Amino acid sequence: MSDFHRPSRRAVLGGLTSLGLLALTGSLAGCGRQNEVQLPAAPTAALPIPPLADSRVEDGVRVFDLAARPGTMDLLPGFPTPTAGFNGPFLGPTLRASRGERVRVRVANELDEATSVHWHGMHLPPEMDGGPHQPVAAGDTWEPEWLIDQPAATLWYHPHPHGETQRHVNLGLAGLFVVDDQDTPAGLPGEYGVDDVPVIVQDKMVGEEGGFLLDTSGNEIGILGSTLLVNGARNPFFEVSSQRVRLRLLNASTARTYNFGFADSREFALIASDGGLLASPVPLASIRLSPAERAEIVVEMAPGETIMLRSGRVELGAVAVPAAFGGEDEFDVLELRAAGELAPSPPVPGTLARIERLRVEDAAGLRDFRLADRKINSKEMDMGRIDEVVRVGSTEVWEVRNTNPYPHNFHVHDVQFQVVSIDGQDPPPELGGLKDTIYLEPRRVYRIIMRFEDYTSAKVPYMYHCHLLLHEDEGMMGQFVVLEDGEPVPAGIPATDH
Ligand SMILES: [Cu+2]
């Protein structure tokens, strides 16, 4: 437990800043591994906007092509950083489709090892989910197809190969999947890359030879890097041309939890959480996002002004030493530069979505999930074991708690859930919408409710897990199957025939 008492990386950094490009030492000294370097100040650069993926319609199905492949990027002069991305060297294009469309994605694996692509937040059959049971071997192509059948939302995709997710995501394999629907109210900023802007945030540890380090020795939770990349760029700015701009924030980090807000503490409107629009906008000055969570926010600007989106000190709950888990780290994220004249934007609508509240009285029962160390309910992930059996058509309440003095979060595949209560109290308004991932403050009791409408399989399970990827890879994951009423429960999950 002595790890908890190490000074924060930022405190170490602060002491070294004046010496310029210097290796960090800390607990790594003498172990023969590369140290994290602090990169020289980067010139500010225009925010790269991930391109919208090309698609074509074949027999009524919208078809996308994604190819996972290796690449490089330039961060440390003279030392190209090995990366990986979809259809490019880092991150991937934004897939976009509408509710009611059938989609198919041709996923080509051009890496020299197996990977997978999970559609995070998507409601779809388990065979199409892209989890550890759908590996794509090196050189192979996988073609999942499904019907988009959920509200408009900012979802994302990333690899989910068993035990290797942290490394693959850290290399840059991730992208957005934006779902549209007919019910989105008029008046929200919606021009992609103009007043509707993806903001994919990742922290990296850059090593002495330029590579992204997978050093998780400094704490219990994983990689906490001092280099921030936003859509793959350091120190970016975005030129705002309208009075209001919508930012689609994705925490694509492997371990770090952020607290996003503006340097002048101005209020913004939170309009959507993981699974789609909130019932009505929530005025906030900051929003906490743990790994894999998303938030859509709308901020208003005055002509000619410049404001900085930052991540400041984050409330992690009853963790042992917040600084050891990044709780006191601060980052500039994205500078917004408003033009001298701004196109007028309508005010954010007061009503955004109709969310059917699931009722605890309708729930079939209560399941208990205790997250501790690298286990859920004292069990490490086993690809062959069925941990939970859900009956199709049922509504369930899951009670989830983190019993460690350090951060975990909880992600459920297949469904979006609603937060019923935290320690018996109503959740805060920012957790009032649809969620697929929730931060677990230590020792608090989270009750979430969800409905399993369709997609049964006795052979292919869905996952639930901590989305701190070190924890997930080390076994903090379980499997559930959705079965027909009365369908016999199989003894286990057959081995994947790859
Ligand atoms: Cu965890």
# chains A, B, ... in the order shown; residues from 1 in each chain; ligands from 1
$ residues_near_ligand --ligand "ligand 1" --cutoff "12 Å" --atoms "only C-alpha atoms and all ligand atoms" --output "compact mmCIF listing (two decimals) with N, CA and C atoms, in the first residue's frame"
# COMPACT_ATOMS: atom_id res chain seq x y z
N GLU A 220 -1.97 2.20 -8.47
CA GLU A 220 -2.79 0.99 -8.61
C GLU A 220 -3.68 1.00 -9.85
N ILE A 221 -3.72 2.10 -10.58
CA ILE A 221 -4.80 2.21 -11.57
C ILE A 221 -4.35 2.18 -13.02
N GLY A 222 -3.07 2.37 -13.28
CA GLY A 222 -2.63 2.27 -14.66
C GLY A 222 -1.79 3.45 -15.08
N THR A 254 -6.76 5.46 -20.67
CA THR A 254 -6.84 4.10 -20.15
C THR A 254 -7.12 4.07 -18.65
N ALA A 255 -6.76 5.14 -17.94
CA ALA A 255 -6.89 5.12 -16.47
C ALA A 255 -7.33 6.45 -15.86
N ARG A 256 -7.03 7.55 -16.53
CA ARG A 256 -7.20 8.86 -15.90
C ARG A 256 -8.65 9.33 -15.92
N THR A 257 -9.08 9.90 -14.80
CA THR A 257 -10.38 10.56 -14.73
C THR A 257 -10.15 12.07 -14.79
N SER A 290 -14.82 9.65 -16.21
CA SER A 290 -13.85 8.57 -16.01
C SER A 290 -13.66 7.86 -17.36
N PRO A 291 -12.68 6.97 -17.45
CA PRO A 291 -12.37 6.36 -18.74
C PRO A 291 -13.60 5.76 -19.43
N PHE A 325 -3.60 9.25 -7.80
CA PHE A 325 -4.45 8.76 -8.88
C PHE A 325 -4.80 9.88 -9.86
N ARG A 370 -19.47 -6.47 -6.57
CA ARG A 370 -18.45 -5.83 -5.73
C ARG A 370 -17.12 -5.85 -6.46
N LEU A 371 -16.59 -4.66 -6.70
CA LEU A 371 -15.32 -4.54 -7.40
C LEU A 371 -14.20 -4.35 -6.39
N ALA A 372 -13.23 -5.23 -6.43
CA ALA A 372 -12.09 -5.12 -5.53
C ALA A 372 -10.88 -5.76 -6.19
N ASP A 373 -9.73 -5.13 -6.03
CA ASP A 373 -8.48 -5.61 -6.59
C ASP A 373 -8.67 -5.80 -8.10
N ARG A 374 -8.53 -7.00 -8.61
CA ARG A 374 -8.76 -7.18 -10.05
C ARG A 374 -9.91 -8.16 -10.28
N LYS A 375 -10.86 -8.14 -9.35
CA LYS A 375 -11.94 -9.12 -9.40
C LYS A 375 -13.29 -8.44 -9.24
N ILE A 376 -14.31 -9.12 -9.74
CA ILE A 376 -15.68 -8.71 -9.47
C ILE A 376 -16.34 -9.87 -8.75
N ARG A 401 -20.57 -1.66 -6.26
CA ARG A 401 -19.75 -0.88 -5.34
C ARG A 401 -18.26 -1.20 -5.52
N ASN A 402 -17.48 -0.20 -5.23
CA ASN A 402 -16.02 -0.27 -5.27
C ASN A 402 -15.54 -0.35 -3.82
N THR A 403 -14.94 -1.47 -3.46
CA THR A 403 -14.52 -1.61 -2.07
C THR A 403 -13.02 -1.37 -1.88
N ASN A 404 -12.36 -0.87 -2.93
CA ASN A 404 -10.95 -0.50 -2.81
C ASN A 404 -10.82 1.00 -2.51
N PRO A 405 -9.68 1.42 -1.94
CA PRO A 405 -9.48 2.86 -1.72
C PRO A 405 -8.85 3.56 -2.93
N TYR A 406 -9.15 3.05 -4.12
CA TYR A 406 -8.67 3.69 -5.35
C TYR A 406 -9.75 3.56 -6.42
N PRO A 407 -9.62 4.31 -7.53
CA PRO A 407 -10.72 4.38 -8.49
C PRO A 407 -11.00 3.08 -9.25
N HIS A 408 -12.27 2.82 -9.47
CA HIS A 408 -12.76 1.89 -10.48
C HIS A 408 -13.94 2.56 -11.16
N ASN A 409 -14.32 2.05 -12.31
CA ASN A 409 -15.63 2.39 -12.85
C ASN A 409 -16.29 1.12 -13.35
N PHE A 410 -17.48 1.26 -13.93
CA PHE A 410 -18.25 0.07 -14.27
C PHE A 410 -18.95 0.31 -15.60
N HIS A 411 -18.69 -0.60 -16.55
CA HIS A 411 -19.27 -0.49 -17.89
C HIS A 411 -20.06 -1.76 -18.17
N THR A 437 -21.41 3.69 -18.66
CA THR A 437 -20.21 3.62 -17.83
C THR A 437 -20.40 4.60 -16.69
N ILE A 438 -20.03 4.19 -15.48
CA ILE A 438 -20.19 5.10 -14.34
C ILE A 438 -18.98 5.00 -13.43
N TYR A 439 -18.51 6.16 -12.98
CA TYR A 439 -17.40 6.19 -12.02
C TYR A 439 -17.91 5.70 -10.67
N LEU A 440 -17.09 4.89 -10.00
CA LEU A 440 -17.46 4.34 -8.69
C LEU A 440 -16.57 4.96 -7.62
N GLU A 441 -17.10 5.92 -6.91
CA GLU A 441 -16.36 6.43 -5.76
C GLU A 441 -16.27 5.30 -4.73
N PRO A 442 -15.09 5.15 -4.11
CA PRO A 442 -14.95 4.06 -3.14
C PRO A 442 -16.04 4.11 -2.07
N TYR A 464 -19.39 -7.20 -18.61
CA TYR A 464 -19.42 -6.03 -17.73
C TYR A 464 -18.04 -5.96 -17.09
N HIS A 465 -17.54 -4.75 -16.89
CA HIS A 465 -16.16 -4.67 -16.41
C HIS A 465 -15.81 -3.26 -15.96
N CYS A 466 -14.68 -3.20 -15.25
CA CYS A 466 -14.06 -1.91 -14.97
C CYS A 466 -13.42 -1.43 -16.26
N HIS A 467 -13.61 -0.13 -16.59
CA HIS A 467 -13.04 0.41 -17.82
C HIS A 467 -11.70 1.11 -17.58
N LEU A 468 -11.12 0.93 -16.40
CA LEU A 468 -9.71 1.25 -16.24
C LEU A 468 -9.00 0.04 -16.83
N LEU A 469 -8.33 0.25 -17.95
CA LEU A 469 -8.01 -0.89 -18.81
C LEU A 469 -6.98 -1.84 -18.21
N LEU A 470 -6.13 -1.34 -17.34
CA LEU A 470 -5.23 -2.24 -16.61
C LEU A 470 -6.04 -3.24 -15.80
N HIS A 471 -7.05 -2.73 -15.12
CA HIS A 471 -7.90 -3.59 -14.28
C HIS A 471 -8.66 -4.59 -15.15
N GLU A 472 -9.23 -4.09 -16.23
CA GLU A 472 -9.97 -4.98 -17.14
C GLU A 472 -9.06 -6.10 -17.64
N ASP A 473 -7.88 -5.72 -18.12
CA ASP A 473 -6.95 -6.72 -18.66
C ASP A 473 -6.54 -7.73 -17.60
N GLU A 474 -6.43 -7.28 -16.36
CA GLU A 474 -5.98 -8.16 -15.30
C GLU A 474 -7.12 -8.96 -14.67
N GLY A 475 -8.31 -8.85 -15.22
CA GLY A 475 -9.36 -9.78 -14.80
C GLY A 475 -10.61 -9.18 -14.20
N MET A 476 -10.68 -7.85 -14.12
CA MET A 476 -11.86 -7.24 -13.48
C MET A 476 -13.00 -7.14 -14.50
N MET A 477 -13.50 -8.31 -14.85
CA MET A 477 -14.52 -8.39 -15.90
C MET A 477 -15.34 -9.66 -15.67
$ residues_around --residues "Gly486 of chain A" --least-positions-apart "6" --cutoff "12 Å" --atoms "only C-alpha atoms" --output "ChimeraX atom specification"
/A:389-392,458
$ residues_around --residues "Leu171 of chain A" --least-positions-apart "2" --cutoff "9 Å" --atoms "only C-alpha atoms" --output "MDAnalysis selection string"
chainID A and resid 70 82:85 90:91 166:169 173 212
$ atom_distance --atom1 "atom CA of Ala263 of chain A" --atom2 "atom CA of Met308 of chain A"
5.5 Å
$ select_by_dssp --residues "segment 135-227 of chain A" --states "strand (DSSP E or B)" --output "ChimeraX atom specification"
/A:136,141-142,145-147,153-158,175-180,192,196-204,206-207,212,227
$ write_last_selection --atoms "N, CA, C and O atoms" --output "short mmCIF file (atom, residue, chain, number, x, y, z; two decimals), in the first residue's frame"
data_model
loop_
_atom_site.label_atom_id
_atom_site.label_comp_id
_atom_site.auth_asym_id
_atom_site.auth_seq_id
_atom_site.Cartn_x
_atom_site.Cartn_y
_atom_site.Cartn_z
N VAL A 136 -10.23 -10.70 -34.08
CA VAL A 136 -9.94 -10.66 -35.51
C VAL A 136 -8.44 -10.94 -35.65
O VAL A 136 -7.61 -10.14 -35.20
N THR A 141 -10.45 -10.30 -41.83
CA THR A 141 -11.48 -9.26 -41.86
C THR A 141 -12.70 -9.79 -41.14
O THR A 141 -13.05 -10.97 -41.27
N TRP A 142 -13.34 -8.93 -40.39
CA TRP A 142 -14.55 -9.29 -39.63
C TRP A 142 -15.63 -8.31 -40.06
O TRP A 142 -15.37 -7.12 -40.20
N GLU A 145 -22.72 -6.90 -38.56
CA GLU A 145 -23.84 -6.14 -39.13
C GLU A 145 -24.95 -6.08 -38.10
O GLU A 145 -25.22 -7.06 -37.40
N TRP A 146 -25.56 -4.92 -37.97
CA TRP A 146 -26.65 -4.78 -37.01
C TRP A 146 -27.54 -3.62 -37.38
O TRP A 146 -27.21 -2.81 -38.27
N LEU A 147 -28.69 -3.55 -36.69
CA LEU A 147 -29.65 -2.46 -36.87
C LEU A 147 -29.39 -1.41 -35.80
O LEU A 147 -29.34 -1.74 -34.61
N ALA A 153 -26.68 9.59 -30.05
CA ALA A 153 -25.69 9.53 -28.98
C ALA A 153 -24.28 9.60 -29.56
O ALA A 153 -24.07 9.34 -30.74
N THR A 154 -23.35 9.94 -28.70
CA THR A 154 -21.93 9.89 -29.04
C THR A 154 -21.37 8.60 -28.47
O THR A 154 -21.09 8.50 -27.28
N LEU A 155 -21.23 7.60 -29.33
CA LEU A 155 -20.66 6.32 -28.93
C LEU A 155 -19.23 6.26 -29.45
O LEU A 155 -18.76 7.19 -30.10
N TRP A 156 -18.53 5.17 -29.14
CA TRP A 156 -17.18 5.07 -29.69
C TRP A 156 -16.81 3.62 -29.93
O TRP A 156 -17.56 2.72 -29.54
N TYR A 157 -15.71 3.41 -30.61
CA TYR A 157 -15.24 2.04 -30.87
C TYR A 157 -13.78 1.94 -30.49
O TYR A 157 -13.01 2.90 -30.58
N HIS A 158 -13.42 0.75 -30.02
CA HIS A 158 -12.03 0.52 -29.60
C HIS A 158 -11.81 -0.98 -29.49
O HIS A 158 -12.77 -1.75 -29.35
N GLY A 175 -12.07 5.45 -31.97
CA GLY A 175 -12.75 6.44 -32.80
C GLY A 175 -14.18 6.62 -32.32
O GLY A 175 -14.65 5.86 -31.47
N LEU A 176 -14.84 7.61 -32.87
CA LEU A 176 -16.23 7.89 -32.47
C LEU A 176 -17.21 7.19 -33.40
O LEU A 176 -16.95 7.00 -34.58
N PHE A 177 -18.38 6.84 -32.84
CA PHE A 177 -19.52 6.38 -33.65
C PHE A 177 -20.70 7.24 -33.22
O PHE A 177 -21.22 7.09 -32.12
N VAL A 178 -21.08 8.16 -34.08
CA VAL A 178 -22.17 9.08 -33.76
C VAL A 178 -23.48 8.52 -34.32
O VAL A 178 -23.57 8.21 -35.52
N VAL A 179 -24.44 8.37 -33.43
CA VAL A 179 -25.77 7.92 -33.83
C VAL A 179 -26.68 9.14 -33.91
O VAL A 179 -26.68 10.00 -33.01
N ASP A 180 -27.43 9.25 -35.00
CA ASP A 180 -28.42 10.32 -35.17
C ASP A 180 -29.82 9.73 -35.08
O ASP A 180 -30.01 8.53 -35.31
N TYR A 192 -20.92 19.15 -38.21
CA TYR A 192 -19.72 18.42 -37.76
C TYR A 192 -18.44 19.19 -38.09
O TYR A 192 -18.22 19.61 -39.23
N ASP A 196 -20.08 21.62 -34.02
CA ASP A 196 -20.33 20.32 -33.38
C ASP A 196 -19.02 19.54 -33.49
O ASP A 196 -18.69 19.00 -34.53
N VAL A 197 -18.26 19.54 -32.39
CA VAL A 197 -16.83 19.25 -32.49
C VAL A 197 -16.45 18.06 -31.60
O VAL A 197 -16.66 18.10 -30.38
N PRO A 198 -15.89 17.01 -32.20
CA PRO A 198 -15.40 15.89 -31.38
C PRO A 198 -14.14 16.29 -30.62
O PRO A 198 -13.25 16.94 -31.17
N VAL A 199 -14.08 15.87 -29.36
CA VAL A 199 -12.92 16.18 -28.51
C VAL A 199 -12.53 14.89 -27.79
O VAL A 199 -13.12 14.53 -26.77
N ILE A 200 -11.55 14.18 -28.35
CA ILE A 200 -11.12 12.88 -27.82
C ILE A 200 -9.84 13.12 -27.01
O ILE A 200 -8.83 13.55 -27.55
N VAL A 201 -9.94 12.86 -25.71
CA VAL A 201 -8.86 13.25 -24.80
C VAL A 201 -8.14 12.01 -24.27
O VAL A 201 -8.79 11.06 -23.80
N GLN A 202 -6.82 12.03 -24.37
CA GLN A 202 -6.00 10.91 -23.90
C GLN A 202 -4.72 11.45 -23.28
O GLN A 202 -4.11 12.38 -23.82
N ASP A 203 -4.31 10.85 -22.18
CA ASP A 203 -3.00 11.19 -21.62
C ASP A 203 -2.02 10.08 -21.97
O ASP A 203 -2.39 8.90 -22.03
N LYS A 204 -0.78 10.47 -22.24
CA LYS A 204 0.24 9.51 -22.66
C LYS A 204 1.50 9.70 -21.84
O LYS A 204 1.87 10.82 -21.50
N VAL A 206 5.24 9.38 -22.56
CA VAL A 206 6.16 9.25 -23.69
C VAL A 206 7.54 8.89 -23.15
O VAL A 206 8.05 9.54 -22.23
N GLY A 207 8.11 7.84 -23.69
CA GLY A 207 9.39 7.34 -23.20
C GLY A 207 10.57 8.03 -23.87
O GLY A 207 10.42 8.81 -24.82
N PHE A 212 5.04 5.24 -26.60
CA PHE A 212 4.10 5.35 -25.48
C PHE A 212 4.45 4.26 -24.47
O PHE A 212 4.43 3.08 -24.81
N THR A 227 1.61 13.86 -20.84
CA THR A 227 1.40 14.43 -22.18
C THR A 227 -0.07 14.23 -22.56
O THR A 227 -0.57 13.11 -22.57
#
$ residues_around --residues "Gly78 of chain A" --least-positions-apart "2" --cutoff "9 Å" --atoms "only C-alpha atoms" --output "number ranges by chain"
A: 74-76, 80, 209-210
$ write_last_selection --atoms "N, CA and C atoms" --output "CSV table (one decimal), in the first residue's frame"
chain,number,residue,atom,x,y,z
A,74,ASP,N,4.9,12.2,-34.5
A,74,ASP,CA,6.1,12.9,-34.1
A,74,ASP,C,5.8,13.7,-32.9
A,75,LEU,N,6.3,13.2,-31.8
A,75,LEU,CA,6.2,14.0,-30.5
A,75,LEU,C,7.5,14.4,-29.9
A,76,LEU,N,8.5,13.5,-30.0
A,76,LEU,CA,9.8,13.7,-29.4
A,76,LEU,C,10.8,13.9,-30.6
A,80,PRO,N,10.5,9.0,-33.7
A,80,PRO,CA,9.1,8.7,-34.1
A,80,PRO,C,8.4,7.8,-33.1
A,209,GLU,N,12.6,7.0,-25.9
A,209,GLU,CA,12.8,6.7,-27.3
A,209,GLU,C,11.6,7.0,-28.1
A,210,GLY,N,10.7,7.8,-27.5
A,210,GLY,CA,9.5,8.3,-28.2
A,210,GLY,C,8.3,7.5,-28.1
$ closest_residue --among "A:Phe79, A:Phe64, A:Tyr455, A:Phe480" --to "Arg104 of chain A" --atoms "only C-alpha atoms"
A:Phe64
$ select_by_dssp --residues "segment 241-446 of chain A" --states "helix (DSSP H, G or I)" --output "VMD selection string"
chain A and resid 322 to 325 360 to 362 429 to 431
$ atom_distance --atom1 "atom CA of Asp414 of chain A" --atom2 "atom CA of Asp59 of chain A"
26.0 Å
$ residues_around --residues "Val282 of chain A" --least-positions-apart "4" --cutoff "7 Å" --atoms "only C-alpha atoms" --output "list in words"
Ala269, Leu270, Ile271, Pro429 and Glu430 of chain A
$ atom_distance --atom1 "atom CA of Gly71 of chain A" --atom2 "atom CA of Arg106 of chain A"
19.9 Å
